[in-house]
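One file, upload17.tsv, is given below (TSV, C-alpha atoms).
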```
chain	number	residue	atom	x	y	z
A	1149	MET	CA	-37.83	-21.47	-47.57
A	1150	ALA	CA	-38.97	-17.87	-47.81
A	1151	ALA	CA	-40.10	-17.96	-44.17
A	1152	ALA	CA	-36.73	-19.33	-43.10
A	1153	GLU	CA	-34.90	-16.58	-44.99
A	1154	LYS	CA	-37.09	-13.90	-43.40
A	1155	LYS	CA	-36.41	-15.38	-39.96
A	1156	VAL	CA	-32.63	-15.20	-40.53
A	1157	GLU	CA	-32.92	-11.63	-41.74
A	1158	LYS	CA	-34.47	-10.44	-38.47
A	1159	GLU	CA	-32.36	-8.05	-36.39
A	1160	GLY	CA	-30.41	-9.88	-33.73
A	1161	ALA	CA	-30.84	-13.29	-35.30
A	1162	ASN	CA	-27.70	-15.38	-34.85
A	1163	LEU	CA	-26.50	-12.91	-32.22
A	1164	LEU	CA	-24.48	-15.68	-30.58
A	1165	GLY	CA	-23.10	-17.03	-33.83
A	1166	GLN	CA	-22.99	-20.63	-35.02
A	1167	PRO	CA	-22.83	-23.59	-32.64
A	1168	LYS	CA	-19.72	-25.74	-32.38
A	1169	PHE	CA	-19.72	-29.45	-33.20
A	1170	SER	CA	-17.43	-32.35	-32.38
A	1171	VAL	CA	-17.19	-35.53	-34.46
A	1172	LEU	CA	-18.13	-38.76	-32.70
A	1173	PRO	CA	-16.54	-42.18	-33.44
A	1174	ASN	CA	-19.77	-43.31	-35.11
A	1175	GLY	CA	-19.52	-40.47	-37.62
A	1176	ARG	CA	-22.29	-38.36	-36.12
A	1177	LEU	CA	-21.89	-34.81	-34.83
A	1178	LYS	CA	-22.40	-33.58	-31.30
A	1179	CYS	CA	-23.26	-29.98	-30.46
A	1180	VAL	CA	-20.76	-28.67	-27.86
A	1181	GLU	CA	-23.18	-26.16	-26.36
A	1182	THR	CA	-26.32	-28.31	-26.17
A	1183	GLY	CA	-24.92	-31.87	-26.25
A	1184	HIS	CA	-27.37	-32.82	-29.05
A	1185	GLU	CA	-26.24	-35.48	-31.53
A	1186	LEU	CA	-27.12	-35.25	-35.22
A	1187	PHE	CA	-26.09	-36.32	-38.67
A	1188	GLU	CA	-23.88	-34.18	-40.84
A	1189	LYS	CA	-26.74	-33.52	-43.25
A	1190	ASP	CA	-28.81	-31.92	-40.43
A	1191	ARG	CA	-26.11	-29.52	-39.33
A	1192	GLU	CA	-27.43	-26.37	-41.01
A	1193	SER	CA	-31.07	-26.92	-40.14
A	1194	TYR	CA	-30.28	-27.72	-36.54
A	1195	SER	CA	-28.08	-24.61	-36.18
A	1196	GLN	CA	-31.14	-22.44	-36.94
A	1197	CYS	CA	-33.76	-24.27	-34.94
A	1198	LYS	CA	-35.26	-22.84	-31.76
A	1199	ARG	CA	-33.87	-25.61	-29.59
A	1200	CYS	CA	-30.32	-24.90	-30.68
A	1201	ARG	CA	-30.68	-21.12	-30.28
A	1202	LEU	CA	-32.09	-21.48	-26.76
A	1203	GLY	CA	-29.27	-23.89	-25.96
A	1204	LEU	CA	-26.72	-21.29	-27.07
A	1205	ILE	CA	-28.37	-18.68	-24.80
A	1206	ASP	CA	-28.30	-21.01	-21.79
A	1207	TYR	CA	-24.68	-21.97	-22.46
A	1208	ALA	CA	-23.56	-18.32	-22.75
A	1209	LEU	CA	-25.60	-17.43	-19.66
A	1210	SER	CA	-24.03	-20.13	-17.49
A	1211	ASN	CA	-20.50	-19.30	-18.71
A	1212	LYS	CA	-21.08	-15.52	-18.47
A	1213	LYS	CA	-20.15	-14.85	-22.06
A	1214	PRO	CA	-20.97	-11.41	-23.52
A	1215	PRO	CA	-23.61	-10.13	-23.96
A	1216	LEU	CA	-25.29	-12.70	-21.68
A	1217	ASN	CA	-23.01	-11.67	-18.79
A	1218	MET	CA	-25.41	-8.71	-18.34
A	1219	PHE	CA	-28.36	-11.04	-17.70
A	1220	THR	CA	-29.53	-13.71	-15.28
A	1221	GLN	CA	-32.26	-16.30	-15.53
A	1222	ASP	CA	-35.63	-14.99	-14.35
A	1223	PRO	CA	-36.52	-17.10	-11.30
A	1224	ASP	CA	-40.26	-16.73	-12.07
A	1225	SER	CA	-40.16	-17.84	-15.70
A	1226	ARG	CA	-37.91	-20.18	-17.64
A	1227	SER	CA	-38.58	-18.26	-20.86
A	1228	LYS	CA	-37.53	-14.88	-19.43
A	1229	LEU	CA	-34.24	-13.18	-18.65
A	1230	LEU	CA	-33.57	-10.48	-16.06
A	1231	CYS	CA	-31.26	-7.58	-16.97
A	1232	LYS	CA	-28.73	-6.83	-14.22
A	1233	LEU	CA	-28.30	-3.24	-15.35
A	1234	THR	CA	-31.86	-2.02	-15.81
A	1235	GLY	CA	-33.81	-4.67	-13.89
A	1236	ASP	CA	-36.07	-5.27	-16.91
A	1237	LYS	CA	-37.42	-8.66	-17.88
A	1238	ILE	CA	-37.14	-9.74	-21.51
A	1239	ASN	CA	-37.97	-12.82	-23.57
A	1240	LYS	CA	-35.25	-15.43	-23.88
A	1241	SER	CA	-34.50	-14.95	-27.55
A	1242	GLU	CA	-31.61	-13.47	-29.46
A	1243	GLU	CA	-33.85	-10.91	-31.13
A	1244	HIS	CA	-35.14	-9.54	-27.82
A	1245	ILE	CA	-31.68	-9.58	-26.27
A	1246	TRP	CA	-30.32	-7.61	-29.22
A	1247	LYS	CA	-33.13	-5.03	-29.04
A	1248	HIS	CA	-32.68	-4.59	-25.30
A	1249	ILE	CA	-28.91	-4.04	-25.34
A	1250	ASN	CA	-29.29	-1.53	-28.17
A	1251	GLY	CA	-32.18	0.35	-26.53
A	1252	LYS	CA	-31.85	3.86	-25.06
A	1253	ARG	CA	-32.64	2.76	-21.52
A	1254	PHE	CA	-29.88	0.14	-21.46
A	1255	LEU	CA	-27.29	2.37	-23.18
A	1256	ASN	CA	-27.99	5.32	-20.85
A	1257	LYS	CA	-27.63	3.12	-17.79
A	1258	LEU	CA	-24.45	1.60	-19.19
A	1259	GLU	CA	-22.93	5.02	-19.90
A	1260	LYS	CA	-23.80	6.29	-16.44
A	1261	GLU	CA	-22.26	3.23	-14.79
A	1262	GLU	CA	-19.06	3.60	-16.81
A	1263	GLU	CA	-18.77	7.26	-15.83
A	1264	GLU	CA	-19.17	6.35	-12.15
A	1265	LYS	CA	-16.49	3.69	-12.45
A	1266	LEU	CA	-14.10	6.12	-14.14
A	1267	GLY	CA	-14.78	8.71	-11.44
A	1268	GLN	CA	-14.11	6.12	-8.74
A	1269	MET	CA	-10.86	5.09	-10.43
A	1270	ASP	CA	-9.72	8.73	-10.73
A	1271	TRP	CA	-10.52	9.33	-7.06
A	1272	GLU	CA	-8.59	6.22	-6.01
A	1273	ASP	CA	-5.61	7.33	-8.11
A	1274	GLU	CA	-5.63	10.77	-6.49
A	1275	VAL	CA	-5.88	9.31	-3.00
A	1276	GLY	CA	-3.15	6.80	-3.81
A	1277	GLU	CA	-0.85	9.65	-4.89
A	1278	GLU	CA	-1.58	11.79	-1.84
A	1279	ILE	CA	-1.02	9.07	0.75
A	1280	PRO	CA	2.63	8.31	-0.18
A	1281	GLU	CA	3.39	12.05	-0.16
A	1282	LYS	CA	1.99	12.46	3.34
A	1283	VAL	CA	3.81	9.38	4.55
A	1284	GLY	CA	7.03	10.65	3.00
A	1285	LYS	CA	6.68	14.01	4.76
A	1286	ARG	CA	6.03	12.31	8.08
A	1287	GLU	CA	9.06	10.06	7.64
A	1288	LYS	CA	11.26	13.06	6.81
A	1289	ALA	CA	10.02	14.92	9.87
A	1290	LYS	CA	10.76	11.87	12.04
A	1291	LYS	CA	14.28	11.55	10.61
A	1292	LYS	CA	14.99	15.24	11.22
A	1293	GLY	CA	13.77	14.92	14.81
A	1294	LYS	CA	16.00	11.90	15.39
A	1295	GLN	CA	19.02	13.67	13.89
A	1296	LYS	CA	18.47	16.73	16.08
A	1297	GLY	CA	18.15	14.50	19.15
A	1298	LYS	CA	21.40	12.73	18.29
A	1299	GLU	CA	23.22	16.03	17.78
A	1300	LYS	CA	22.01	17.31	21.13
A	1301	GLY	CA	23.05	14.07	22.83
A	1302	VAL	CA	26.50	14.18	21.25
A	1303	MET	CA	27.03	17.81	22.29
A	1304	GLY	CA	25.90	17.01	25.85
A	1305	ASN	CA	28.23	14.03	26.08
A	1306	GLU	CA	31.16	16.01	24.73
A	1307	SER	CA	30.67	18.79	27.26
A	1308	ALA	CA	30.30	16.31	30.11
A	1309	HIS	CA	33.35	14.29	29.11
A	1310	GLY	CA	35.35	17.46	28.48
A	1311	GLU	CA	34.82	18.65	32.01
A	1312	GLU	CA	35.64	15.26	33.56
A	1313	GLU	CA	38.52	14.07	31.39
A	1314	ASN	CA	40.51	17.28	30.76
A	1315	PRO	CA	43.64	16.97	32.98
A	1316	GLU	CA	44.69	20.60	32.46
A	1317	LEU	CA	41.59	21.83	34.25
A	1318	GLU	CA	42.38	19.56	37.23
A	1319	ASP	CA	45.97	20.83	37.38
A	1320	ALA	CA	44.78	24.44	37.31
A	1321	ASP	CA	42.39	23.87	40.19
A	1322	PHE	CA	44.91	21.98	42.38
A	1323	TRP	CA	48.33	23.62	41.70
A	1324	MET	CA	51.28	22.43	43.79
A	1325	PRO	CA	54.68	24.21	44.08
A	1326	PRO	CA	57.77	22.41	42.79
A	1327	VAL	CA	59.82	20.36	45.20
A	1328	GLY	CA	62.31	22.45	47.24
A	1329	GLU	CA	60.55	25.76	46.82
A	1330	ARG	CA	58.64	27.75	49.39
A	1331	TRP	CA	55.08	28.87	49.00
A	1332	ASP	CA	56.31	32.51	49.12
A	1333	PHE	CA	58.89	31.88	46.37
A	1334	ASP	CA	61.76	32.72	48.75
A	1335	ASP	CA	65.09	31.30	47.45
A	1336	GLY	CA	66.70	31.54	50.89
A	1337	GLY	CA	64.12	29.38	52.48
A	1338	GLY	CA	66.63	26.85	53.76
A	1339	ASP	CA	68.55	29.43	55.87
A	1340	ARG	CA	65.39	30.89	57.18
A	1341	TRP	CA	64.15	27.53	58.36
A	1342	GLY	CA	67.51	26.93	60.05
A	1343	SER	CA	67.69	30.38	61.74
A	1344	ASP	CA	64.26	29.86	63.09
A	1345	ALA	CA	65.38	26.65	64.77
A	1346	GLU	CA	68.44	28.33	66.23
A	1347	SER	CA	66.53	31.35	67.40
A	1348	GLY	CA	64.12	28.99	69.04
A	1349	ASP	CA	66.92	27.31	70.95
A	1350	GLN	CA	68.43	30.63	72.06
A	1351	THR	CA	65.18	31.92	73.28
A	1352	ALA	CA	64.74	28.86	75.39
A	1353	GLU	CA	68.21	29.28	76.93
A	1354	GLU	CA	67.66	32.97	77.60
A	1355	GLU	CA	64.40	32.23	79.26
A	1356	ALA	CA	66.10	29.58	81.39
A	1357	GLY	CA	68.84	32.10	82.45
A	1358	VAL	CA	66.27	34.64	83.42
A	1359	TYR	CA	64.55	32.13	85.62
A	1360	ARG	CA	67.84	31.26	87.29
A	1361	LYS	CA	68.59	34.91	88.16
A	1362	ARG	CA	65.21	35.21	89.72
```
Using structure tokens, write down the structure from this file.
Amino acid sequence: MAAAEKKVEKEGANLLGQPKFSVLPNGRLKCVETGHELFEKDRESYSQCKRCRLGLIDYALSNKKPPLNMFTQDPDSRSKLLCKLTGDKINKSEEHIWKHINGKRFLNKLEKEEEEKLGQMDWEDEVGEEIPEKVGKREKAKKKGKQKGKEKGVMGNESAHGEEENPELEDADFWMPPVGERWDFDDGGGDRWGSDAESGDQTAEEEAGVYRKR
């Protein structure tokens, strides 16, 4: 009894807690982690035996439950574990696991890894904030360029259409005098046209008379 009490008092003993049991139809108990069947009267003794404790370690290791998620089974020895963080090999026992995860080497490595992760997260946050800003500036520049292009196109079209469709400019270039008026703005144009015809006839007659005399 004294030896059992001293064993329980060791640091790291019962690191994984007590096993879980399910009641079978025949009244016996079955350990959930190890699958071992036992009577109710053997529950306490079994919970502290080496077989049960090793079964709890294997169960936590396969299901990646803390703190066994930091370890893997040593491929060279069934009774050893390999630490993922430090690369050290330790005995497969709760006492040795507890000592290792509370040692300076493990804690220093863990702290360093956490600092690196935090630095990586901060860097990703900074990059993630900068990228949208740059994209936003580029989009604004593109929109301004498009707006300027549209304004220039509109102004060009307006000037082109203004020159082609303005009727006043066409009238100014091709002015015609009103009907019944002379180009020299002479109100007596009708008489002058008539006198010219008559004078033309007289000249012809005079010329004919001259020829006759000759």
Pick out the residues sitting within 8 Å of Leu1209 (chain A), and hand them over as a PyMOL selection string; count all atoms listed in the file, and ignore anything fewer than 6 positions along from it in its own chain.
chain A and resi 1216-1217+1219-1221
Taking 6 positions as the minimum chain separation for residues in the same chain, which residues sit within 7 Å of region 1175-1192 of chain A when counting only C-alpha atoms? Answer as number ranges by chain.
A: 1167-1169, 1200, 1203-1204, 1207
In Å, rounded to a single decimal, give me how far CA of Leu1229 (chain A) is from CA of Arg1201 (chain A).
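Distance reported for this atom pair: 14.5 Å.
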Å distance separating CA of Leu1202 (chain A) from CA of Lys1252 (chain A), one decimal place:
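Separation of CA of Leu1202 (chain A) and CA of Lys1252 (chain A): 25.4 Å.
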Do you know which residues are at most 12 Å from Lys1228 (chain A) counting all atoms listed in the file, after dropping those on the same chain fewer than 6 positions away, and could you put them as a count of residues only?
16
To one decimal place in Å, what is the distance between CA of Gly1165 (chain A) and CA of Ala1208 (chain A)?
11.2 Å
When distances are computed from only C-alpha atoms, which of A:Leu1233, A:Cys1197, A:Met1269, A:Leu1164 shows the smallest separation from Arg1253 (chain A)?
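Of A:Leu1233, A:Cys1197, A:Met1269, A:Leu1164, the one nearest Arg1253 (chain A) is A:Leu1233, counting only C-alpha atoms.
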